[in-house]
>>> print(open('upload_8.pdb').read())   # PDB, C-alpha atoms
ATOM      1  CA  MET M   1       6.757 -16.831 -11.148
ATOM      2  CA  SER M   2       6.161 -16.094 -14.783
ATOM      3  CA  THR M   3       7.975 -13.149 -16.174
ATOM      4  CA  GLY M   4       6.850 -10.413 -18.457
ATOM      5  CA  ASN M   5       9.893  -8.935 -19.978
ATOM      6  CA  THR M   6      13.605  -9.334 -20.261
ATOM      7  CA  THR M   7      15.804  -6.341 -20.685
ATOM      8  CA  ALA M   8      19.177  -8.018 -20.913
ATOM      9  CA  ALA M   9      20.739 -11.415 -21.250
ATOM     10  CA  HIS M  10      22.523 -11.197 -17.916
ATOM     11  CA  ASP M  11      21.783 -14.041 -15.487
ATOM     12  CA  HIS M  12      20.913 -11.828 -12.560
ATOM     13  CA  GLU M  13      18.891  -9.330 -14.532
ATOM     14  CA  HIS M  14      15.565  -8.752 -12.849
ATOM     15  CA  HIS M  15      12.445  -9.661 -14.841
ATOM     16  CA  TYR M  16       9.323  -7.931 -13.691
ATOM     17  CA  ALA M  17       6.216 -10.031 -13.072
ATOM     18  CA  HIS M  18       3.760 -10.323 -15.966
ATOM     19  CA  HIS M  19       0.893  -8.553 -14.194
ATOM     20  CA  PHE M  20       2.853  -5.305 -14.066
ATOM     21  CA  ARG M  21       2.941  -2.715 -16.844
ATOM     22  CA  ASP M  22       6.691  -2.183 -16.532
ATOM     23  CA  ALA M  23       9.515  -2.350 -14.008
ATOM     24  CA  MET M  24       8.593   1.022 -12.509
ATOM     25  CA  HIS M  25       4.998  -0.134 -12.022
ATOM     26  CA  GLU M  26       6.310  -3.161 -10.113
ATOM     27  CA  PHE M  27       8.585  -0.938  -8.003
ATOM     28  CA  THR M  28       5.861   1.559  -7.058
ATOM     29  CA  SER M  29       3.401  -1.249  -6.236
ATOM     30  CA  ALA M  30       5.936  -2.962  -3.984
ATOM     31  CA  LYS M  31       6.733   0.324  -2.294
ATOM     32  CA  GLU M  32       3.062   1.049  -1.703
ATOM     33  CA  GLY M  33       2.821  -2.324   0.025
ATOM     34  CA  ILE M  34       5.805  -1.468   2.209
ATOM     35  CA  TRP M  35       4.200   1.815   3.244
ATOM     36  CA  LEU M  36       0.978   0.006   4.165
ATOM     37  CA  PHE M  37       3.076  -2.372   6.278
ATOM     38  CA  MET M  38       4.728   0.667   7.901
ATOM     39  CA  VAL M  39       1.273   1.948   8.888
ATOM     40  CA  THR M  40       0.643  -1.311  10.765
ATOM     41  CA  GLU M  41       4.004  -0.819  12.492
ATOM     42  CA  ILE M  42       3.043   2.706  13.545
ATOM     43  CA  LEU M  43      -0.261   1.435  14.898
ATOM     44  CA  MET M  44       1.351  -1.473  16.776
ATOM     45  CA  PHE M  45       3.941   0.716  18.516
ATOM     46  CA  GLY M  46       1.384   3.525  18.698
ATOM     47  CA  GLY M  47      -0.839   1.500  21.024
ATOM     48  CA  LEU M  48       2.075   1.141  23.435
ATOM     49  CA  PHE M  49       2.886   4.851  23.179
ATOM     50  CA  VAL M  50      -0.727   5.812  23.945
ATOM     51  CA  GLY M  51      -0.637   3.512  26.983
ATOM     52  CA  TYR M  52       2.659   5.072  28.036
ATOM     53  CA  PHE M  53       1.275   8.624  27.779
ATOM     54  CA  ILE M  54      -1.845   7.822  29.760
ATOM     55  CA  PHE M  55      -0.100   6.013  32.601
ATOM     56  CA  HIS M  56       2.740   8.540  32.603
ATOM     57  CA  SER M  57       0.283  11.345  33.209
ATOM     58  CA  LEU M  58      -1.475   9.302  35.908
ATOM     59  CA  TYR M  59       1.731   8.397  37.782
ATOM     60  CA  PRO M  60       4.419  10.947  36.798
ATOM     61  CA  GLU M  61       6.542  10.409  39.930
ATOM     62  CA  MET M  62       6.570   6.648  39.477
ATOM     63  CA  PHE M  63       7.712   7.040  35.860
ATOM     64  CA  ALA M  64      10.431   9.459  36.986
ATOM     65  CA  GLU M  65      11.653   6.861  39.470
ATOM     66  CA  GLY M  66      11.659   4.220  36.735
ATOM     67  CA  ALA M  67      13.621   6.450  34.359
ATOM     68  CA  SER M  68      16.195   7.135  37.079
ATOM     69  CA  HIS M  69      17.065   3.411  36.977
ATOM     70  CA  LEU M  70      17.970   3.627  33.283
ATOM     71  CA  ASP M  71      21.365   4.761  32.092
ATOM     72  CA  TRP M  72      20.783   7.621  29.633
ATOM     73  CA  ARG M  73      24.415   7.371  28.482
ATOM     74  CA  MET M  74      23.771   3.880  27.156
ATOM     75  CA  GLY M  75      20.479   4.966  25.596
ATOM     76  CA  GLY M  76      22.122   8.035  24.080
ATOM     77  CA  PHE M  77      24.985   5.994  22.695
ATOM     78  CA  ASN M  78      22.486   3.616  21.113
ATOM     79  CA  THR M  79      20.636   6.563  19.569
ATOM     80  CA  PHE M  80      23.849   7.699  17.876
ATOM     81  CA  VAL M  81      24.538   4.145  16.677
ATOM     82  CA  LEU M  82      21.049   3.769  15.246
ATOM     83  CA  ILE M  83      21.106   7.144  13.476
ATOM     84  CA  GLY M  84      24.483   6.209  11.999
ATOM     85  CA  SER M  85      23.057   2.895  10.807
ATOM     86  CA  SER M  86      20.096   4.669   9.199
ATOM     87  CA  PHE M  87      22.558   6.909   7.364
ATOM     88  CA  THR M  88      24.595   3.960   6.054
ATOM     89  CA  MET M  89      21.356   2.222   5.005
ATOM     90  CA  ALA M  90      20.223   5.270   3.023
ATOM     91  CA  LEU M  91      23.738   5.503   1.601
ATOM     92  CA  ALA M  92      23.603   1.848   0.471
ATOM     93  CA  ILE M  93      20.524   2.624  -1.646
ATOM     94  CA  HIS M  94      22.223   5.763  -2.950
ATOM     95  CA  TYR M  95      25.248   3.731  -4.097
ATOM     96  CA  ILE M  96      23.166   0.954  -5.685
ATOM     97  CA  GLN M  97      21.231   3.605  -7.592
ATOM     98  CA  ARG M  98      24.540   4.907  -8.909
ATOM     99  CA  GLY M  99      25.759   1.423  -9.800
ATOM    100  CA  MET M 100      28.441   1.353  -7.088
ATOM    101  CA  ASN M 101      27.446  -2.009  -5.652
ATOM    102  CA  SER M 102      30.636  -2.803  -3.746
ATOM    103  CA  LYS M 103      30.375   0.482  -1.845
ATOM    104  CA  ALA M 104      26.763  -0.437  -1.105
ATOM    105  CA  THR M 105      27.913  -3.783   0.334
ATOM    106  CA  VAL M 106      30.273  -1.946   2.700
ATOM    107  CA  CYS M 107      27.395   0.324   3.766
ATOM    108  CA  LEU M 108      25.060  -2.627   4.368
ATOM    109  CA  ALA M 109      27.732  -4.457   6.381
ATOM    110  CA  THR M 110      28.271  -1.295   8.476
ATOM    111  CA  THR M 111      24.530  -1.143   9.099
ATOM    112  CA  ILE M 112      24.536  -4.738  10.364
ATOM    113  CA  ILE M 113      27.524  -4.009  12.629
ATOM    114  CA  CYS M 114      25.668  -0.974  14.034
ATOM    115  CA  GLY M 115      22.696  -3.258  14.717
ATOM    116  CA  LEU M 116      25.011  -5.651  16.571
ATOM    117  CA  ILE M 117      26.490  -2.823  18.650
ATOM    118  CA  PHE M 118      22.962  -1.705  19.507
ATOM    119  CA  ALA M 119      22.068  -5.277  20.558
ATOM    120  CA  CYS M 120      25.219  -5.557  22.724
ATOM    121  CA  VAL M 121      24.444  -2.348  24.615
ATOM    122  CA  LYS M 122      20.856  -3.492  25.059
ATOM    123  CA  TYR M 123      22.105  -6.847  26.388
ATOM    124  CA  PHE M 124      24.122  -5.076  29.105
ATOM    125  CA  GLU M 125      21.152  -2.893  29.978
ATOM    126  CA  TYR M 126      18.738  -5.816  30.177
ATOM    127  CA  SER M 127      21.059  -8.005  32.265
ATOM    128  CA  GLN M 128      21.534  -5.121  34.710
ATOM    129  CA  LYS M 129      17.760  -4.726  35.089
ATOM    130  CA  ILE M 130      17.239  -8.466  35.459
ATOM    131  CA  GLN M 131      19.974  -8.630  38.124
ATOM    132  CA  HIS M 132      18.326  -5.871  40.167
ATOM    133  CA  GLY M 133      14.898  -7.439  39.786
ATOM    134  CA  LEU M 134      13.599  -4.428  37.856
ATOM    135  CA  LEU M 135      11.144  -6.488  35.835
ATOM    136  CA  PRO M 136       7.527  -6.243  34.671
ATOM    137  CA  GLY M 137       4.525  -7.411  36.655
ATOM    138  CA  HIS M 138       4.967 -10.137  39.259
ATOM    139  CA  PHE M 139       8.571 -10.772  38.177
ATOM    140  CA  PHE M 140       9.446  -7.479  39.852
ATOM    141  CA  HIS M 141      11.467  -8.000  43.043
ATOM    142  CA  TYR M 142      13.421  -4.802  43.625
ATOM    143  CA  ALA M 143      13.351  -4.151  47.378
ATOM    144  CA  GLU M 144      14.036  -0.391  47.423
ATOM    145  CA  ALA M 145      11.213   0.734  45.143
ATOM    146  CA  GLU M 146       9.695   4.030  46.304
ATOM    147  CA  HIS M 147       6.478   3.516  44.390
ATOM    148  CA  LYS M 148       4.420   0.374  44.768
ATOM    149  CA  ASN M 149       3.544   0.210  41.082
ATOM    150  CA  LEU M 150       7.101   0.664  39.731
ATOM    151  CA  ALA M 151       6.666  -2.724  38.028
ATOM    152  CA  MET M 152       4.368  -0.962  35.549
ATOM    153  CA  TYR M 153       7.183   1.279  34.318
ATOM    154  CA  PHE M 154       9.308  -1.770  33.628
ATOM    155  CA  GLY M 155       6.343  -3.400  31.930
ATOM    156  CA  PHE M 156       6.360  -0.502  29.470
ATOM    157  CA  TYR M 157      10.150  -0.474  29.291
ATOM    158  CA  PHE M 158      10.496  -4.159  28.449
ATOM    159  CA  CYS M 159       7.488  -4.314  26.101
ATOM    160  CA  MET M 160       8.491  -1.239  24.110
ATOM    161  CA  THR M 161      12.233  -1.817  23.931
ATOM    162  CA  GLY M 162      11.707  -5.592  23.559
ATOM    163  CA  LEU M 163       9.378  -5.196  20.596
ATOM    164  CA  HIS M 164      11.849  -2.688  19.187
ATOM    165  CA  MET M 165      14.719  -5.137  19.722
ATOM    166  CA  ILE M 166      12.802  -7.870  17.837
ATOM    167  CA  HIS M 167      12.539  -5.398  14.957
ATOM    168  CA  VAL M 168      16.281  -4.713  15.104
ATOM    169  CA  PHE M 169      16.996  -8.455  14.825
ATOM    170  CA  LEU M 170      14.499  -8.848  11.971
ATOM    171  CA  GLY M 171      16.021  -5.825  10.252
ATOM    172  CA  MET M 172      19.544  -7.199  10.625
ATOM    173  CA  GLY M 173      18.399 -10.481   9.080
ATOM    174  CA  LEU M 174      16.755  -8.665   6.177
ATOM    175  CA  ILE M 175      19.823  -6.479   5.602
ATOM    176  CA  THR M 176      21.994  -9.620   5.557
ATOM    177  CA  TRP M 177      19.653 -11.029   2.922
ATOM    178  CA  VAL M 178      19.863  -7.939   0.668
ATOM    179  CA  MET M 179      23.618  -7.738   1.240
ATOM    180  CA  ILE M 180      24.061 -11.324  -0.003
ATOM    181  CA  ARG M 181      21.840 -10.556  -2.977
ATOM    182  CA  ASN M 182      23.858  -7.418  -3.651
ATOM    183  CA  ILE M 183      27.146  -9.347  -3.585
ATOM    184  CA  ARG M 184      25.526 -11.884  -5.925
ATOM    185  CA  GLY M 185      24.819  -9.016  -8.318
ATOM    186  CA  ASP M 186      21.030  -9.008  -8.150
ATOM    187  CA  PHE M 187      20.714  -5.258  -7.863
ATOM    188  CA  SER M 188      21.306  -2.513 -10.366
ATOM    189  CA  PRO M 189      20.236   1.125 -10.774
ATOM    190  CA  GLU M 190      17.155  -0.266 -12.559
ATOM    191  CA  TYR M 191      16.217  -2.845  -9.935
ATOM    192  CA  PHE M 192      16.728  -2.467  -6.187
ATOM    193  CA  THR M 193      13.181  -2.913  -4.833
ATOM    194  CA  ALA M 194      14.199  -5.249  -1.989
ATOM    195  CA  VAL M 195      16.897  -2.868  -0.709
ATOM    196  CA  GLU M 196      14.447   0.034  -0.833
ATOM    197  CA  GLY M 197      11.847  -1.914   1.158
ATOM    198  CA  VAL M 198      14.329  -3.187   3.742
ATOM    199  CA  GLY M 199      15.694   0.360   3.995
ATOM    200  CA  ILE M 200      12.278   1.777   4.854
ATOM    201  CA  PHE M 201      11.847  -0.968   7.472
ATOM    202  CA  TRP M 202      15.229  -0.134   9.011
ATOM    203  CA  HIS M 203      14.408   3.583   9.094
ATOM    204  CA  ILE M 204      11.167   2.941  10.958
ATOM    205  CA  ILE M 205      13.214   1.160  13.629
ATOM    206  CA  ASP M 206      15.263   4.350  13.912
ATOM    207  CA  LEU M 207      12.080   6.433  13.906
ATOM    208  CA  ILE M 208      10.593   4.500  16.833
ATOM    209  CA  TRP M 209      13.832   4.675  18.816
ATOM    210  CA  ILE M 210      13.901   8.462  18.300
ATOM    211  CA  PHE M 211      10.718   8.592  20.413
ATOM    212  CA  LEU M 212      11.594   5.756  22.804
ATOM    213  CA  PHE M 213      14.903   7.274  23.900
ATOM    214  CA  PRO M 214      13.665  10.611  25.310
ATOM    215  CA  LEU M 215      10.428   9.130  26.645
ATOM    216  CA  LEU M 216      11.966   6.225  28.563
ATOM    217  CA  TYR M 217      15.483   7.444  29.391
ATOM    218  CA  LEU M 218      15.285  11.203  29.708
ATOM    219  CA  VAL M 219      11.848  12.445  30.657
ATOM    220  CA  GLY M 220      10.595   9.358  32.437
TER     221      GLY M 220
ATOM    222  CA  MET U 221      -7.530  -6.737 -25.608
ATOM    223  CA  ALA U 222      -3.944  -5.695 -25.274
ATOM    224  CA  ALA U 223      -4.678  -2.316 -26.797
ATOM    225  CA  GLY U 224      -7.652  -1.839 -24.472
ATOM    226  CA  GLN U 225      -5.573  -2.688 -21.463
ATOM    227  CA  ASP U 226      -2.863  -0.347 -22.577
ATOM    228  CA  GLN U 227      -5.385   2.445 -22.794
ATOM    229  CA  LYS U 228      -6.711   1.596 -19.348
ATOM    230  CA  ASN U 229      -3.204   1.596 -17.968
ATOM    231  CA  GLN U 230      -2.547   4.936 -19.560
ATOM    232  CA  GLN U 231      -5.619   6.343 -17.858
ATOM    233  CA  GLY U 232      -4.585   4.791 -14.569
ATOM    234  CA  HIS U 233      -1.192   6.333 -15.047
ATOM    235  CA  ALA U 234      -2.686   9.750 -15.633
ATOM    236  CA  HIS U 235      -4.695   9.480 -12.428
ATOM    237  CA  GLY U 236      -1.804   8.296 -10.291
ATOM    238  CA  ASP U 237      -0.334  11.582  -9.210
ATOM    239  CA  GLY U 238       3.356  12.188  -9.412
ATOM    240  CA  GLU U 239       4.087   8.663 -10.569
ATOM    241  CA  HIS U 240       7.753   8.698 -11.407
ATOM    242  CA  THR U 241       9.271   7.349 -14.536
ATOM    243  CA  THR U 242      12.790   7.273 -13.122
ATOM    244  CA  HIS U 243      14.168   6.573  -9.655
ATOM    245  CA  HIS U 244      15.092   9.643  -7.687
ATOM    246  CA  ILE U 245      18.600   9.508  -6.269
ATOM    247  CA  ILE U 246      18.889  11.410  -3.001
ATOM    248  CA  PRO U 247      22.237  13.277  -3.179
ATOM    249  CA  PHE U 248      25.004  12.211  -0.790
ATOM    250  CA  SER U 249      25.285  15.752   0.617
ATOM    251  CA  ILE U 250      21.620  15.732   1.702
ATOM    252  CA  LEU U 251      21.969  12.343   3.416
ATOM    253  CA  ARG U 252      25.142  13.486   5.184
ATOM    254  CA  ASN U 253      23.591  16.780   6.326
ATOM    255  CA  VAL U 254      20.470  15.020   7.592
ATOM    256  CA  CYS U 255      22.650  12.583   9.528
ATOM    257  CA  ILE U 256      24.630  15.457  11.100
ATOM    258  CA  ALA U 257      21.398  17.286  11.949
ATOM    259  CA  LEU U 258      19.988  14.143  13.597
ATOM    260  CA  LEU U 259      23.137  13.654  15.681
ATOM    261  CA  CYS U 260      23.122  17.323  16.746
ATOM    262  CA  LEU U 261      19.447  17.145  17.685
ATOM    263  CA  THR U 262      20.129  14.008  19.756
ATOM    264  CA  ALA U 263      22.860  15.902  21.618
ATOM    265  CA  LEU U 264      20.399  18.777  22.092
ATOM    266  CA  THR U 265      17.771  16.392  23.537
ATOM    267  CA  VAL U 266      20.286  15.077  26.070
ATOM    268  CA  LEU U 267      21.512  18.583  26.936
ATOM    269  CA  THR U 268      18.037  20.012  27.475
ATOM    270  CA  ALA U 269      16.820  17.005  29.455
ATOM    271  CA  LYS U 270      19.868  16.419  31.632
ATOM    272  CA  PHE U 271      21.616  19.753  32.034
ATOM    273  CA  THR U 272      18.816  22.312  32.137
ATOM    274  CA  HIS U 273      15.838  22.533  34.438
ATOM    275  CA  LEU U 274      12.794  22.902  32.266
ATOM    276  CA  GLY U 275      10.401  21.472  34.843
ATOM    277  CA  ILE U 276       7.018  20.675  33.378
ATOM    278  CA  PHE U 277       8.157  21.653  29.873
ATOM    279  CA  ALA U 278      10.858  18.964  29.779
ATOM    280  CA  GLY U 279       8.504  16.432  28.207
ATOM    281  CA  THR U 280       7.169  18.877  25.632
ATOM    282  CA  VAL U 281      10.660  20.012  24.602
ATOM    283  CA  ALA U 282      11.928  16.422  24.307
ATOM    284  CA  PHE U 283       8.881  15.458  22.274
ATOM    285  CA  ALA U 284       9.214  18.507  20.004
ATOM    286  CA  ILE U 285      12.856  17.672  19.236
ATOM    287  CA  ALA U 286      11.895  14.024  18.620
ATOM    288  CA  PHE U 287       9.192  15.239  16.238
ATOM    289  CA  VAL U 288      11.683  17.288  14.209
ATOM    290  CA  LYS U 289      14.064  14.306  14.087
ATOM    291  CA  ALA U 290      11.228  12.013  13.015
ATOM    292  CA  MET U 291      10.299  14.414  10.207
ATOM    293  CA  LEU U 292      13.913  14.450   8.976
ATOM    294  CA  VAL U 293      14.051  10.637   8.965
ATOM    295  CA  MET U 294      10.700  10.328   7.186
ATOM    296  CA  MET U 295      11.345  13.009   4.568
ATOM    297  CA  PHE U 296      14.953  12.248   3.633
ATOM    298  CA  PHE U 297      16.028   8.790   4.858
ATOM    299  CA  MET U 298      12.687   7.167   4.069
ATOM    300  CA  GLY U 299      12.446   9.443   1.050
ATOM    301  CA  LEU U 300       8.838  10.549   1.546
ATOM    302  CA  LYS U 301       9.771  13.997   0.249
ATOM    303  CA  TYR U 302      10.485  12.446  -3.136
ATOM    304  CA  ASP U 303       7.755   9.800  -2.959
ATOM    305  CA  THR U 304       4.257   9.814  -4.438
ATOM    306  CA  LYS U 305       1.425  11.721  -2.771
ATOM    307  CA  LEU U 306      -0.344   8.403  -2.289
ATOM    308  CA  ASN U 307       2.495   6.969  -0.176
ATOM    309  CA  ARG U 308       2.684  10.168   1.867
ATOM    310  CA  MET U 309      -1.061   9.937   2.439
ATOM    311  CA  ILE U 310      -0.888   6.234   3.404
ATOM    312  CA  PHE U 311       1.788   6.899   6.020
ATOM    313  CA  GLY U 312       0.035  10.052   7.226
ATOM    314  CA  LEU U 313      -3.173   8.049   7.715
ATOM    315  CA  GLY U 314      -1.306   5.802  10.147
ATOM    316  CA  PHE U 315      -0.597   8.811  12.350
ATOM    317  CA  PHE U 316      -4.152  10.077  11.934
ATOM    318  CA  PHE U 317      -5.599   6.820  13.257
ATOM    319  CA  LEU U 318      -3.020   6.807  16.040
ATOM    320  CA  ALA U 319      -4.187  10.302  17.015
ATOM    321  CA  LEU U 320      -7.773   9.018  16.966
ATOM    322  CA  LEU U 321      -6.828   6.156  19.292
ATOM    323  CA  ALA U 322      -5.031   8.548  21.638
ATOM    324  CA  PHE U 323      -7.919  11.016  21.571
ATOM    325  CA  PHE U 324     -10.609   8.516  22.589
ATOM    326  CA  CYS U 325      -8.404   6.827  25.198
ATOM    327  CA  VAL U 326      -7.575  10.170  26.798
ATOM    328  CA  LEU U 327     -11.216  11.236  26.597
ATOM    329  CA  ASP U 328     -12.190   8.062  28.427
ATOM    330  CA  ILE U 329      -9.602   8.403  31.193
ATOM    331  CA  TRP U 330     -10.210  12.101  31.882
ATOM    332  CA  THR U 331     -13.988  11.981  31.888
ATOM    333  CA  ARG U 332     -14.285   9.130  34.366
ATOM    334  CA  VAL U 333     -16.100   9.956  37.580
ATOM    335  CA  THR U 334     -15.898   8.018  40.787
ATOM    336  CA  VAL U 335     -19.256   6.444  41.436
ATOM    337  CA  HIS U 336     -20.099   5.859  45.084
ATOM    338  CA  ASN U 337     -22.404   3.086  45.971
ATOM    339  CA  THR U 338     -25.642   4.580  47.240
ATOM    340  CA  LEU U 339     -27.317   1.317  48.124
TER     341      LEU U 339
END
>>> encode(input="upload_8.pdb", output="structure tokens")
Amino acid sequence: MSTGNTTAAHDHEHHYAHHFRDAMHEFTSAKEGIWLFMVTEILMFGGLFVGYFIFHSLYPEMFAEGASHLDWRMGGFNTFVLIGSSFTMALAIHYIQRGMNSKATVCLATTIICGLIFACVKYFEYSQKIQHGLLPGHFFHYAEAEHKNLAMYFGFYFCMTGLHMIHVFLGMGLITWVMIRNIRGDFSPEYFTAVEGVGIFWHIIDLIWIFLFPLLYLVG
Amino acid sequence: MAAGQDQKNQQGHAHGDGEHTTHHIIPFSILRNVCIALLCLTALTVLTAKFTHLGIFAGTVAFAIAFVKAMLVMMFFMGLKYDTKLNRMIFGLGFFFLALLAFFCVLDIWTRVTVHNTL
């Protein structure tokens, strides 16, 4: 990529691309792109939420039965973990903006660990469901189901939390990437576009879980 | 050419509302308070859903609390409060189109009539 300007002689100093007016122009353009991407995320999960609302109102008792099979303690614990991780992510950006990059690295590492804890809890939840045969569609083989169409609830459960889980893994990968770049010294109070973008992505994961938790675990 | 482009950029700049010239740093205290508020609201969701009997309002209450939490995340963690109007509008449009999807789906489901074969 050709570069437009150099502001310092440092090796890791970011040079903004030539088609931008200045570094801030590059930052705001990148951020606009991230927000457009976030809209597609909202619409993707939104379709599932609309489906959930419609079928929940058609079969409220069946959804209540489905929710009774989930452990709200595990879901609640994961909510706390994810909110904590969102906080450390926001804090990482705060520290980079203030030039405290090593503190930011600690925050990013904490965020990744929170993601891992979330994944572990989800692993235990999933294996429990798989063991009991509480699965979507024709994989469903739970003998004591009160409602014939209970498989539908687990269709929603696995699709929504599964898609969310994929996002958690992607987010953890992206945070690892920005953490390595941060250790390498790529970021400064003047340039931290990648961390900002990854941060917004991580927060949307939190945002979606904020709705998934009460809908799947509590209200049912 | 360069001068012309500069002028154009200047105009573009003037039109772009609230375009910042410096990065806004969200204070630590705000991030910490938002985090505490989110954790408290999560506890409140669990308490209202599991330890009170709200009956048919349970869903509405849980959704209302989730909405408040979502607003906190969007405004402070995602920084939309300090972002440009354009970015706020872009993200808001996502929810608008989601509402549109929900509206027409619900309209379809609740206006269906059972048709009996008269042949």
>>> resolve_selection(input="upload_8.pdb", expression="the PyMOL selection byres ((chain U) within 7 of (chain M))", output="list in words")
Thr241, Ile245, Ile246, Leu251, Cys255, Leu259, Ala269, Ala278, Gly279, Ala282, Ala286, Ala290, Val293, Phe297, Met298, Asn307, Ile310, Phe311, Gly314, Leu318, Ala322 and Val326 of chain U
>>> closest_residue(input="upload_8.pdb", among="M:Glu65, M:Glu125, M:Thr105, M:His15", to="Arg181 (chain M)", atoms="all atoms listed in the file")
M:Thr105
>>> atom_distance(input="upload_8.pdb", atom1="CA of Leu264 (chain U)", atom2="CA of Gly66 (chain M)")
22.4 Å
>>> axis_aligned_box(input="upload_8.pdb", around="region 328-336 of chain U", padding_each_side="5 Å", output="JSON")
{"center_x": -14.9, "center_y": 9.0, "center_z": 36.8, "size_x": 20.5, "size_y": 16.2, "size_z": 26.7}
>>> resolve_selection(input="upload_8.pdb", expression="the PyMOL selection byres ((chain M and resi 143) around 9)", output="list in words")
His132, Gly133, His141, Tyr142, Glu144 and Ala145 of chain M
>>> write_last_selection(input="upload_8.pdb", atoms="C-alpha atoms", output="PDB file, in the coordinates of the input")
ATOM      1  CA  HIS M 132      18.326  -5.871  40.167  1.00  0.00           C
ATOM      2  CA  GLY M 133      14.898  -7.439  39.786  1.00  0.00           C
ATOM      3  CA  HIS M 141      11.467  -8.000  43.043  1.00  0.00           C
ATOM      4  CA  TYR M 142      13.421  -4.802  43.625  1.00  0.00           C
ATOM      5  CA  GLU M 144      14.036  -0.391  47.423  1.00  0.00           C
ATOM      6  CA  ALA M 145      11.213   0.734  45.143  1.00  0.00           C
TER       7      ALA M 145
END
>>> build_atoms(input="upload_8.pdb", residues="region 261-272 of chain U", atoms="N, CA and C atoms", output="PDB file, in the frame of the given file")
ATOM      1  N   LEU U 261      20.722  17.064  16.961  1.00  0.00           N
ATOM      2  CA  LEU U 261      19.447  17.145  17.685  1.00  0.00           C
ATOM      3  C   LEU U 261      19.398  16.140  18.839  1.00  0.00           C
ATOM      4  N   THR U 262      20.060  14.985  18.656  1.00  0.00           N
ATOM      5  CA  THR U 262      20.129  14.008  19.756  1.00  0.00           C
ATOM      6  C   THR U 262      20.915  14.607  20.920  1.00  0.00           C
ATOM      7  N   ALA U 263      22.049  15.250  20.584  1.00  0.00           N
ATOM      8  CA  ALA U 263      22.860  15.902  21.618  1.00  0.00           C
ATOM      9  C   ALA U 263      22.035  16.982  22.317  1.00  0.00           C
ATOM     10  N   LEU U 264      21.248  17.713  21.534  1.00  0.00           N
ATOM     11  CA  LEU U 264      20.399  18.777  22.092  1.00  0.00           C
ATOM     12  C   LEU U 264      19.349  18.194  23.041  1.00  0.00           C
ATOM     13  N   THR U 265      18.766  17.048  22.664  1.00  0.00           N
ATOM     14  CA  THR U 265      17.771  16.392  23.537  1.00  0.00           C
ATOM     15  C   THR U 265      18.399  16.065  24.881  1.00  0.00           C
ATOM     16  N   VAL U 266      19.611  15.471  24.827  1.00  0.00           N
ATOM     17  CA  VAL U 266      20.286  15.077  26.070  1.00  0.00           C
ATOM     18  C   VAL U 266      20.613  16.313  26.900  1.00  0.00           C
ATOM     19  N   LEU U 267      21.132  17.353  26.220  1.00  0.00           N
ATOM     20  CA  LEU U 267      21.512  18.583  26.936  1.00  0.00           C
ATOM     21  C   LEU U 267      20.312  19.217  27.623  1.00  0.00           C
ATOM     22  N   THR U 268      19.207  19.349  26.888  1.00  0.00           N
ATOM     23  CA  THR U 268      18.037  20.012  27.475  1.00  0.00           C
ATOM     24  C   THR U 268      17.430  19.176  28.596  1.00  0.00           C
ATOM     25  N   ALA U 269      17.465  17.855  28.447  1.00  0.00           N
ATOM     26  CA  ALA U 269      16.820  17.005  29.455  1.00  0.00           C
ATOM     27  C   ALA U 269      17.688  16.822  30.687  1.00  0.00           C
ATOM     28  N   LYS U 270      18.999  16.775  30.507  1.00  0.00           N
ATOM     29  CA  LYS U 270      19.868  16.419  31.632  1.00  0.00           C
ATOM     30  C   LYS U 270      20.568  17.611  32.270  1.00  0.00           C
ATOM     31  N   PHE U 271      20.797  18.667  31.495  1.00  0.00           N
ATOM     32  CA  PHE U 271      21.616  19.753  32.034  1.00  0.00           C
ATOM     33  C   PHE U 271      20.898  21.098  32.137  1.00  0.00           C
ATOM     34  N   THR U 272      19.607  21.103  31.884  1.00  0.00           N
ATOM     35  CA  THR U 272      18.816  22.312  32.137  1.00  0.00           C
ATOM     36  C   THR U 272      17.603  21.896  32.963  1.00  0.00           C
TER      37      THR U 272
END
